[in-house]
Amino acid sequence: MEKLVINSFEEFSAHLGEQLGVSDWVKIDQDRINLFADATLDHQWIHVDVAKAKEESPYKSTIAHGYLTLSLLPYLWGQIIQVNNLKMMVNYGMDKMRFGCPVLSGSRLRLVTSLSSIENLRGICKVVIDFKMEIEGQKKPALKGLASFLYYFK
């Protein structure tokens with residue numbers, strides 16, 4: 001699917017209720033998990049101790065941090081949409097976020113999005129995106145929820 005290009009509030013509004021797009025797959029390997037553990041100081045063995053996870057984890061593998069999965073949202077969102085004519089864009093919030101399935105080391109994830117709602121707040125475009133982080137080969141998503149962004153058009 002091609003990247004959606006948006007230039008105004010009106011163009012965003014035209015996609016209300018529609019799927020906005022699907023990102024490319026991104027691999028979640030052990031190196032990425034370890035780097036995230038270092039960045040967040042969360043070195044719980046289920047994430048970083050490959051040998052122990054193989055023996056003691058119900059998944060027989062290390063798993064990605066839930067917040068690592070969430071942290072990929074901006075990168076993958078950037079693959080789906082390009083918003084032009086902006087002064088700035090800011091994250092506004094997350095709602096109804098649920099981690100549904102663990103992401104095993106070596107898995108691949110992608111983002112699937114649709115436009116849940118849009119409001120004009122005195123010239124600021126508030127967009128709510130319904131998103132799912134899918135795991136390749138799994139029916140249940142790793143993460144789903146609603147992400148809100150504020151777009152300040154010029």
# chains A, B, ... in the order shown; residues from 1 in each chain; ligands from 1

call {"tool": "select_by_dssp", "arguments": {"residues": "chain A", "states": "strand (DSSP E)", "output": "MDAnalysis selection string"}}
result
chainID A and resid 4:6 19:22 26:28 81:83 86:99 107:121 124:135 143:153

call {"tool": "closest_atom_pairs", "arguments": {"of": "stretch 115-143 of chain A", "to": "stretch 92-101 of chain A", "cutoff": "6 Å", "atoms": "only C-alpha atoms", "output": "JSON lines"}}
result
{"residue": "A:Pro141", "atom": "CA", "partner": "A:Gly100", "partner_atom": "CA", "distance": 5.8}
{"residue": "A:Ala142", "atom": "CA", "partner": "A:Cys101", "partner_atom": "CA", "distance": 4.5}
{"residue": "A:Leu143", "atom": "CA", "partner": "A:Phe99", "partner_atom": "CA", "distance": 4.4}

call {"tool": "residues_around", "arguments": {"residues": "A:Ile129", "least_positions_apart": "3", "cutoff": "9 Å", "atoms": "only C-alpha atoms", "output": "MDAnalysis selection string"}}
result
chainID A and resid 20 113:118 145:149

call {"tool": "residues_around", "arguments": {"residues": "stretch 62-77 of chain A", "least_positions_apart": "3", "cutoff": "6 Å", "atoms": "only C-alpha atoms", "output": "list in words"}}
result
Ser23, Ile33, Ile46, His47, Val50, Ala53, Ile80, Val103, Leu104 and Ser105 of chain A

call {"tool": "atom_distance", "arguments": {"atom1": "atom CA of A:Glu134", "atom2": "atom CA of A:Lys54"}}
result
23.5 Å

call {"tool": "closest_residue", "arguments": {"among": "A:Phe36, A:Tyr151, A:Phe131, A:Trp45", "to": "A:Glu119", "atoms": "only C-alpha atoms"}}
result
A:Tyr151

call {"tool": "select_by_dssp", "arguments": {"residues": "chain A", "states": "alpha helix (DSSP H)", "output": "NGL selection string"}}
result
:A and (9-13 or 30-40 or 45-48 or 50-56 or 66-71 or 73-80)

call {"tool": "closest_residue", "arguments": {"among": "A:His15, A:Lys132, A:Lys27, A:Arg32", "to": "A:Val48", "atoms": "only C-alpha atoms"}}
result
A:Arg32
